[in-house]
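K.L.:
Got a structure for you, entry25.txt, holding compact mmCIF, C-alpha atoms and all ligand atoms.
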# COMPACT_ATOMS: atom_id res chain seq x y z
CA ARG A 1149 9.81 -5.20 6.49
CA GLY A 1150 9.62 -4.44 2.80
CA GLU A 1151 6.53 -6.47 1.89
CA ASP A 1152 3.94 -4.21 3.46
CA PHE A 1153 2.12 -2.30 0.79
CA GLY A 1154 -1.58 -1.74 0.39
CA TYR A 1155 -4.12 0.34 -1.46
CA ASP A 1156 -5.08 2.93 1.19
CA GLY A 1157 -3.55 5.49 3.53
CA VAL A 1158 0.13 5.49 4.46
CA ILE A 1159 0.85 2.20 2.67
CA GLY A 1160 -1.24 3.17 -0.39
CA PRO A 1161 -0.06 3.72 -4.00
CA THR A 1162 0.94 7.39 -3.53
CA HIS A 1163 3.51 6.25 -0.93
CA TRP A 1164 4.96 3.24 -2.77
CA GLY A 1165 7.73 5.37 -4.33
CA GLU A 1166 9.17 6.20 -0.90
CA ARG A 1167 10.16 2.61 -0.18
CA TYR A 1168 10.36 1.27 -3.71
CA ARG A 1169 12.29 3.66 -5.96
CA GLU A 1170 11.04 2.12 -9.22
CA CYS A 1171 7.40 2.93 -8.34
CA ALA A 1172 8.33 6.57 -9.02
CA GLY A 1173 9.71 5.71 -12.48
CA LYS A 1174 8.69 7.15 -15.84
CA HIS A 1175 7.40 3.95 -17.48
CA GLN A 1176 4.92 2.76 -14.90
CA SER A 1177 1.68 0.80 -15.19
CA PRO A 1178 -1.25 1.01 -15.29
CA ILE A 1179 -2.05 3.68 -17.88
CA ASN A 1180 -5.04 5.11 -19.64
CA ILE A 1181 -5.10 4.04 -23.30
CA ASN A 1182 -6.36 6.86 -25.50
CA VAL A 1183 -7.61 5.02 -28.56
CA LEU A 1184 -7.21 8.14 -30.73
CA ARG A 1185 -3.46 8.14 -30.02
CA VAL A 1186 -2.59 4.47 -30.56
CA LYS A 1187 -0.38 3.33 -33.43
CA GLN A 1188 -2.17 0.71 -35.51
CA VAL A 1189 0.02 -2.30 -36.38
CA SER A 1190 -0.32 -5.80 -37.77
CA LEU A 1191 1.95 -7.99 -35.67
CA PRO A 1192 2.63 -11.70 -36.23
CA ASP A 1193 0.03 -14.09 -34.76
CA ILE A 1194 0.38 -14.97 -31.11
CA ALA A 1195 0.75 -18.69 -30.34
CA PHE A 1196 -1.15 -19.61 -27.17
CA VAL A 1197 0.53 -22.93 -26.40
CA GLY A 1198 -1.26 -25.26 -23.97
CA PHE A 1199 -4.17 -22.86 -23.47
CA ASP A 1200 -6.73 -25.50 -24.40
CA ASP A 1201 -5.13 -28.22 -22.25
CA SER A 1202 -7.09 -29.57 -19.34
CA ILE A 1203 -4.81 -28.94 -16.35
CA ASP A 1204 -5.16 -30.94 -13.12
CA GLY A 1205 -4.16 -29.87 -9.62
CA VAL A 1206 -4.29 -26.11 -10.20
CA HIS A 1207 -3.56 -24.11 -7.01
CA VAL A 1208 -5.64 -21.13 -5.93
CA SER A 1209 -4.22 -18.97 -3.15
CA ASN A 1210 -4.83 -15.71 -1.34
CA ASN A 1211 -1.49 -13.84 -1.08
CA GLY A 1212 -2.97 -11.00 0.97
CA HIS A 1213 -3.18 -8.70 -2.07
CA THR A 1214 -5.11 -10.77 -4.62
CA VAL A 1215 -5.95 -14.36 -5.56
CA LEU A 1216 -3.26 -16.26 -7.46
CA ILE A 1217 -3.89 -19.21 -9.77
CA GLU A 1218 -0.79 -21.36 -10.29
CA VAL A 1219 -0.03 -24.54 -12.20
CA GLU A 1220 2.01 -27.31 -10.52
CA ASN A 1221 2.88 -29.74 -13.27
CA GLU A 1222 5.12 -29.12 -16.29
CA PRO A 1223 4.92 -28.22 -19.06
CA HIS A 1224 3.37 -24.83 -18.29
CA PRO A 1225 1.35 -23.03 -20.94
CA ARG A 1226 3.40 -20.48 -22.90
CA VAL A 1227 3.06 -17.68 -25.44
CA ARG A 1228 5.17 -16.45 -28.32
CA GLY A 1229 4.67 -14.14 -31.31
CA GLY A 1230 2.88 -10.81 -31.44
CA PRO A 1231 5.29 -8.16 -30.10
CA LEU A 1232 7.31 -10.82 -28.22
CA GLU A 1233 10.78 -12.04 -29.09
CA GLY A 1234 11.20 -15.61 -27.89
CA ASP A 1235 9.04 -17.78 -25.67
CA TYR A 1236 7.38 -16.71 -22.43
CA VAL A 1237 6.42 -19.33 -19.83
CA PHE A 1238 3.35 -19.09 -17.58
CA SER A 1239 4.03 -18.18 -13.96
CA GLN A 1240 0.67 -17.25 -12.40
CA MET A 1241 -2.56 -15.40 -12.99
CA HIS A 1242 -4.38 -13.04 -10.63
CA PHE A 1243 -7.09 -10.39 -10.51
CA HIS A 1244 -7.64 -6.73 -9.68
CA TRP A 1245 -11.06 -5.37 -8.69
CA GLY A 1246 -12.91 -2.46 -7.09
CA ASP A 1247 -15.41 -1.78 -4.31
CA ASN A 1248 -18.28 -1.84 -6.80
CA ASP A 1249 -18.88 -2.59 -10.48
CA THR A 1250 -18.11 0.94 -11.73
CA PHE A 1251 -14.33 0.59 -11.36
CA GLY A 1252 -11.58 -1.90 -10.46
CA SER A 1253 -9.53 -2.44 -13.60
CA GLU A 1254 -5.96 -1.11 -13.64
CA ASP A 1255 -5.50 0.02 -17.25
CA LYS A 1256 -8.36 2.09 -18.64
CA ILE A 1257 -9.53 2.54 -22.23
CA ASN A 1258 -10.54 6.11 -23.09
CA HIS A 1259 -10.79 6.69 -19.33
CA ARG A 1260 -13.31 3.85 -19.02
CA SER A 1261 -12.78 1.55 -16.02
CA PHE A 1262 -13.98 -2.03 -15.95
CA PRO A 1263 -15.14 -3.83 -12.78
CA MET A 1264 -12.27 -6.33 -12.80
CA GLU A 1265 -9.11 -7.26 -14.70
CA LEU A 1266 -7.30 -10.58 -15.13
CA HIS A 1267 -3.48 -10.68 -15.42
CA MET A 1268 -1.72 -13.74 -16.80
CA VAL A 1269 1.98 -13.36 -15.97
CA PHE A 1270 4.69 -15.05 -18.11
CA PHE A 1271 8.50 -14.87 -17.80
CA LYS A 1272 10.91 -15.02 -20.72
CA GLU A 1273 12.13 -18.60 -20.98
CA GLU A 1274 15.82 -17.70 -21.32
CA TYR A 1275 15.71 -16.08 -17.86
CA ASN A 1276 14.37 -19.33 -16.28
CA ASN A 1277 12.16 -17.78 -13.59
CA VAL A 1278 10.38 -14.58 -12.54
CA LYS A 1279 13.09 -13.60 -10.03
CA GLU A 1280 15.73 -13.52 -12.78
CA ALA A 1281 13.36 -12.16 -15.41
CA VAL A 1282 12.56 -8.98 -13.43
CA LEU A 1283 16.23 -7.98 -13.84
CA HIS A 1284 15.72 -7.57 -17.62
CA PRO A 1285 13.65 -4.99 -19.53
CA ASP A 1286 11.99 -7.73 -21.63
CA GLY A 1287 11.69 -10.15 -18.69
CA LEU A 1288 7.92 -10.48 -18.35
CA THR A 1289 4.81 -10.29 -20.43
CA VAL A 1290 1.37 -9.90 -18.87
CA LEU A 1291 -1.77 -10.74 -20.82
CA ALA A 1292 -4.49 -8.48 -19.45
CA PHE A 1293 -8.22 -9.07 -19.86
CA PHE A 1294 -11.03 -6.75 -18.81
CA TYR A 1295 -14.35 -7.92 -17.37
CA GLU A 1296 -17.74 -6.47 -18.10
CA LEU A 1297 -21.08 -7.28 -16.51
CA ASP A 1298 -23.36 -9.92 -17.89
CA ARG A 1299 -26.84 -10.87 -16.69
CA HIS A 1300 -25.80 -14.52 -16.86
CA GLN A 1301 -23.29 -16.50 -14.84
CA HIS A 1302 -20.14 -17.57 -16.69
CA PRO A 1303 -20.02 -21.34 -15.97
CA ALA A 1304 -16.23 -21.64 -16.35
CA TYR A 1305 -15.83 -19.23 -13.43
CA ASP A 1306 -17.81 -21.37 -10.99
CA ASP A 1307 -14.73 -23.49 -10.20
CA ILE A 1308 -12.76 -20.32 -9.45
CA THR A 1309 -15.43 -18.75 -7.24
CA SER A 1310 -15.95 -21.98 -5.26
CA ALA A 1311 -12.20 -22.13 -4.65
CA LEU A 1312 -12.25 -18.46 -3.58
CA LEU A 1313 -14.73 -19.23 -0.80
CA ASN A 1314 -12.07 -21.51 0.71
CA VAL A 1315 -9.23 -18.96 0.58
CA THR A 1316 -10.90 -15.88 2.07
CA GLU A 1317 -8.17 -15.78 4.76
CA PRO A 1318 -4.80 -14.33 3.72
CA HIS A 1319 -2.02 -16.84 2.96
CA THR A 1320 -4.28 -19.82 2.36
CA THR A 1321 -4.27 -22.18 -0.63
CA VAL A 1322 -6.60 -24.80 -2.09
CA VAL A 1323 -6.33 -27.19 -5.01
CA MET A 1324 -9.06 -26.92 -7.64
CA ASN A 1325 -11.53 -29.81 -7.81
CA ASN A 1326 -11.86 -29.92 -11.58
CA PRO A 1327 -9.39 -29.70 -14.44
CA PHE A 1328 -8.78 -26.13 -15.52
CA SER A 1329 -8.34 -24.81 -19.06
CA PHE A 1330 -7.03 -21.30 -19.79
CA LEU A 1331 -9.07 -20.89 -22.95
CA ASN A 1332 -12.34 -21.49 -21.08
CA ILE A 1333 -11.99 -18.36 -19.00
CA LEU A 1334 -10.84 -16.05 -21.84
CA PRO A 1335 -12.81 -14.01 -24.38
CA TYR A 1336 -13.39 -15.33 -27.88
CA ASP A 1337 -11.36 -12.73 -29.80
CA LEU A 1338 -7.65 -12.94 -28.99
CA ARG A 1339 -6.49 -11.09 -32.11
CA ARG A 1340 -7.25 -7.51 -31.19
CA TYR A 1341 -5.09 -6.11 -28.41
CA PHE A 1342 -3.18 -3.04 -27.28
CA THR A 1343 0.49 -3.42 -26.37
CA TYR A 1344 2.93 -1.15 -24.56
CA ARG A 1345 5.98 -1.25 -22.28
CA GLY A 1346 5.36 -0.75 -18.60
CA SER A 1347 5.89 -2.10 -15.12
CA LEU A 1348 4.58 -4.40 -12.44
CA THR A 1349 1.53 -2.65 -10.95
CA THR A 1350 2.60 -3.50 -7.39
CA PRO A 1351 5.88 -2.88 -5.54
CA PRO A 1352 8.68 -3.21 -6.57
CA CYS A 1353 7.07 -1.77 -9.78
CA SER A 1354 9.93 -3.12 -11.95
CA GLU A 1355 9.82 -1.68 -15.50
CA VAL A 1356 10.15 -5.06 -17.17
CA VAL A 1357 6.67 -5.83 -18.53
CA ILE A 1358 5.49 -6.08 -22.12
CA TRP A 1359 1.75 -5.49 -21.61
CA LEU A 1360 -0.88 -6.97 -23.92
CA ASP A 1361 -4.38 -5.68 -23.19
CA PHE A 1362 -7.01 -7.61 -25.07
CA GLU A 1363 -9.84 -5.50 -26.42
CA GLN A 1364 -12.75 -7.92 -26.02
CA PRO A 1365 -13.87 -8.10 -22.39
CA ILE A 1366 -14.81 -11.29 -20.55
CA ARG A 1367 -18.46 -11.25 -19.48
CA LEU A 1368 -19.14 -12.11 -15.85
CA ALA A 1369 -22.17 -11.83 -13.56
CA HIS A 1370 -22.22 -9.32 -10.69
CA ASP A 1371 -22.59 -12.19 -8.17
CA GLN A 1372 -19.43 -13.83 -9.47
CA ILE A 1373 -17.41 -10.61 -9.09
CA GLU A 1374 -18.82 -10.15 -5.58
CA VAL A 1375 -17.07 -13.33 -4.44
CA PHE A 1376 -13.66 -11.71 -5.07
CA ARG A 1377 -14.61 -8.88 -2.72
CA GLU A 1378 -14.94 -11.44 0.11
CA LEU A 1379 -11.20 -12.12 0.16
CA LYS A 1380 -9.30 -10.75 3.14
CA SER A 1381 -5.86 -9.23 3.64
CA ALA A 1382 -4.13 -8.74 7.00
CA HIS A 1383 -6.12 -5.48 7.30
CA GLY A 1384 -9.63 -6.76 6.46
CA LYS A 1385 -11.57 -7.36 3.27
CA ILE A 1386 -9.77 -6.65 -0.01
CA THR A 1387 -12.49 -4.34 -1.31
CA HIS A 1388 -10.16 -2.88 -3.97
CA ASN A 1389 -6.67 -3.73 -5.21
CA PHE A 1390 -6.04 -1.66 -8.33
CA ARG A 1391 -3.30 0.93 -8.72
CA PRO A 1392 -4.36 4.32 -10.15
CA ILE A 1393 -3.22 5.21 -13.67
CA GLN A 1394 0.32 6.53 -14.16
CA PRO A 1395 1.66 9.06 -16.68
CA ILE A 1396 2.23 7.61 -20.14
CA GLY A 1397 5.24 9.90 -20.68
CA ASP A 1398 7.09 9.27 -23.95
CA ARG A 1399 5.52 5.87 -24.56
CA VAL A 1400 3.54 4.72 -27.59
CA VAL A 1401 0.67 2.23 -27.35
CA PHE A 1402 0.32 -0.09 -30.34
CA TYR A 1403 -3.03 -1.50 -31.43
CA ASN A 1404 -2.94 -4.82 -33.23
CA ILE A 1405 -5.63 -5.73 -35.73
CA ASP A 1406 -5.10 -8.28 -38.51
C1 LIG A 1501 0.12 -9.41 -7.45
O1 LIG A 1501 0.62 -8.57 -8.51
C2 LIG A 1501 0.74 -10.78 -7.48
C3 LIG A 1501 2.26 -10.72 -7.62
C4 LIG A 1501 2.61 -9.87 -8.83
C5 LIG A 1501 2.03 -8.50 -8.66
O2 LIG A 1501 0.34 -8.88 -6.18
O3 LIG A 1501 0.19 -11.48 -8.54
O4 LIG A 1501 2.82 -12.01 -7.85
C6 LIG A 1501 3.06 -12.84 -6.80
C7 LIG A 1501 3.76 -14.09 -7.13
O5 LIG A 1501 2.67 -12.57 -5.68
O6 LIG A 1501 4.03 -9.79 -8.98
C8 LIG A 1501 6.11 -10.42 -9.95
C9 LIG A 1501 4.65 -10.50 -9.96
O7 LIG A 1501 4.06 -11.14 -10.81
C10 LIG A 1501 2.33 -7.58 -9.86
O8 LIG A 1501 1.91 -8.19 -11.07
S1 LIG A 1501 1.17 -7.37 -12.15
O9 LIG A 1501 2.04 -6.29 -12.58
O10 LIG A 1501 0.83 -8.29 -13.19
N1 LIG A 1501 -0.13 -6.73 -11.53
ZN ZN A 1502 -1.83 -7.63 -11.79
The structure in this file should be written as structure tokens.
Ligand code: SG7
Ligand code: ZN

P.N.:
Amino acid sequence: RGEDFGYDGVIGPTHWGERYRECAGKHQSPININVLRVKQVSLPDIAFVGFDDSIDGVHVSNNGHTVLIEVENEPHPRVRGGPLEGDYVFSQMHFHWGDNDTFGSEDKINHRSFPMELHMVFFKEEYNNVKEAVLHPDGLTVLAFFYELDRHQHPAYDDITSALLNVTEPHTTVVMNNPFSFLNILPYDLRRYFTYRGSLTTPPCSEVVIWLDFEQPIRLAHDQIEVFRELKSAHGKITHNFRPIQPIGDRVVFYNID
């Protein structure tokens, strides 16, 4: 079956290209962002629509590769502006992490890894859903946020970590107890970000993603990150689920400041 990919050995990232041709492409993600080589730009403001709404009945599930957070009820949050043409509708968010706090993010900044990274995935509204959107080069945008260690717990993450404890087994889902707001789990500064064209970081590695990597990290306690490492796949604990960096090739990374 096609779905079996992992992060080690014969199903690990260096083998993805054998079964999924696009994983061997020239515009893959993640990448290292060399801040000395970025092109500074001043893009239009991004509108984060519905990000401060209090959303009920949010689903948290373990898909065997990561934990997914999904919204049931319409309307879904959306984004427009910045480098984007048109509206992009929220599909799901998920996380990538490492065995310990010294690595785990997918993109890197000046070869610095972060212990964890959040991806908020949106599809272009005119394509109606993710399945259709991945057939178009501007089909998806992913808002990426890095985590860095804090001595204090981040209270907004307690609802996520308590849900995680109930989805440690692969292919399990729970509904969150409390209303969930996107803005509560994000950093304060949403104006400074890097943007580039890349791919999904898992098979089928479709080159359809407009990446936005926000510069300001989210601060999280070590104990809170540890809970993610308790999740299990079919092969045991998901100790790490990040893809190594890919060649940047002919691509330019833009850096937005106002
Ligand atoms: C994770 O990363 C999941 C996938 C996601 C993939 O494995 O979040 O999504 C689902 C629904 O399982 O694939 C199409 C898609 O969003 C790659 O997403 S990523 O490039 O943002 N890391
Ligand atoms: Zn991801």

K.L.:
Counting all atoms listed in the file, figure out which residue out of A:Tyr1275, A:Phe1262, A:Tyr1341, A:Phe1330 gets nearest to Leu1368 of chain A.

P.N.:
A:Phe1262

K.L.:
Could you tell me which of A:Asp1152, A:Asn1180, A:Asn1332, A:Ala1382 comes closest to Ile1308 of chain A if we count all atoms listed in the file?

P.N.:
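Under the stated criterion, the closest residue is A:Asn1332.
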
K.L.:
Enumerate as a list in words the residues within 8 Å of ligand ZN 1502 (chain A), counting only C-alpha atoms and all ligand atoms.

P.N.:
Met1241, His1242, Phe1243, His1244, Glu1254, Glu1265, Leu1266, His1267, Met1268, Leu1348, Thr1349 and Thr1350 of chain A

K.L.:
What residues have any atom no more than 9 Å from ligand LIG 1501 (chain A) when counting all atoms listed in the file, and can you list them as a ChimeraX atom specification?

P.N.:
/A:1177-1178,1211-1217,1239-1244,1254,1266-1270,1278-1279,1282,1288-1292,1346-1354,1357,1359,1389-1391

K.L.:
Let me make sure I understand: among A:Thr1387, A:Val1401, A:Asn1221, A:Glu1233, which one has the smallest atom-to-atom distance to Leu1184 of chain A if we use only C-alpha atoms?

P.N.:
A:Val1401

K.L.:
Neighbouring residues of His1163 of chain A were defined as those with any atom within 12 Å, considering all atoms listed in the file; residues of the same chain fewer than 4 positions away were excluded. Please report them as a list in words.

P.N.:
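Listing them by chain and then by number gives Asp1152, Phe1153, Gly1154, Tyr1155, Asp1156, Gly1157, Val1158, Ile1159, Arg1167, Tyr1168, Arg1169, Glu1170, Cys1171, Ala1172, Thr1350, Pro1351 and Arg1391 of chain A.
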
K.L.:
Pick out the closest residue to Val1375 of chain A from this set: A:Asn1258, A:Ser1190, A:Ser1253, A:Asn1314. Count all atoms listed in the file.

P.N.:
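The closest residue to Val1375 of chain A is A:Asn1314.
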
K.L.:
Identify which of the residues A:Phe1196, A:Tyr1344, A:Phe1362, A:Phe1293 lies closest to Ile1396 of chain A, counting only C-alpha atoms when measuring atom-to-atom distances.

P.N.:
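Selected residue with least distance to Ile1396 of chain A: A:Tyr1344.
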
K.L.:
Rank nothing, just name the residue among A:Ala1281, A:Val1197, A:Ile1333, A:Val1186 nearest to Asp1307 of chain A, using all atoms listed in the file.

P.N.:
A:Ile1333

K.L.:
Build an axis-aligned box that encloses every atom of segment 1151-1157 of chain A listed in the file, pad it by 5 Å on each side, and report its centre and edge lengths in Å to one decimal, as AutoDock Vina command-line options.

P.N.:
--center_x 0.7 --center_y -0.5 --center_z 1.0 --size_x 21.6 --size_y 22.0 --size_z 15.0

K.L.:
Just how far from atom CA of Met1324 of chain A is atom CA of Asp1249 of chain A, in Å to one decimal?

P.N.:
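Those two atoms sit 26.4 Å apart.
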
K.L.:
Compute the distance from (-11.6, -18.6, -27.6) to each atom, counting only C-alpha atoms, keep the residues with any atom at most 12 Å away, and return them as a list in words; use the coordinates of the file.

P.N.:
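Answer for this query, in the requested form: Phe1196, Phe1199, Asp1200, Ser1329, Phe1330, Leu1331, Asn1332, Ile1333, Leu1334, Pro1335, Tyr1336, Asp1337, Leu1338, Arg1339, Gln1364, Pro1365 and Ile1366 of chain A.
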
K.L.:
How far is it from atom CA of Asp1298 of chain A to atom CA of Ala1369 of chain A, in Å with one decimal?

P.N.:
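If I compute the distance from atom CA of Asp1298 of chain A to atom CA of Ala1369 of chain A, I get 4.9 Å.
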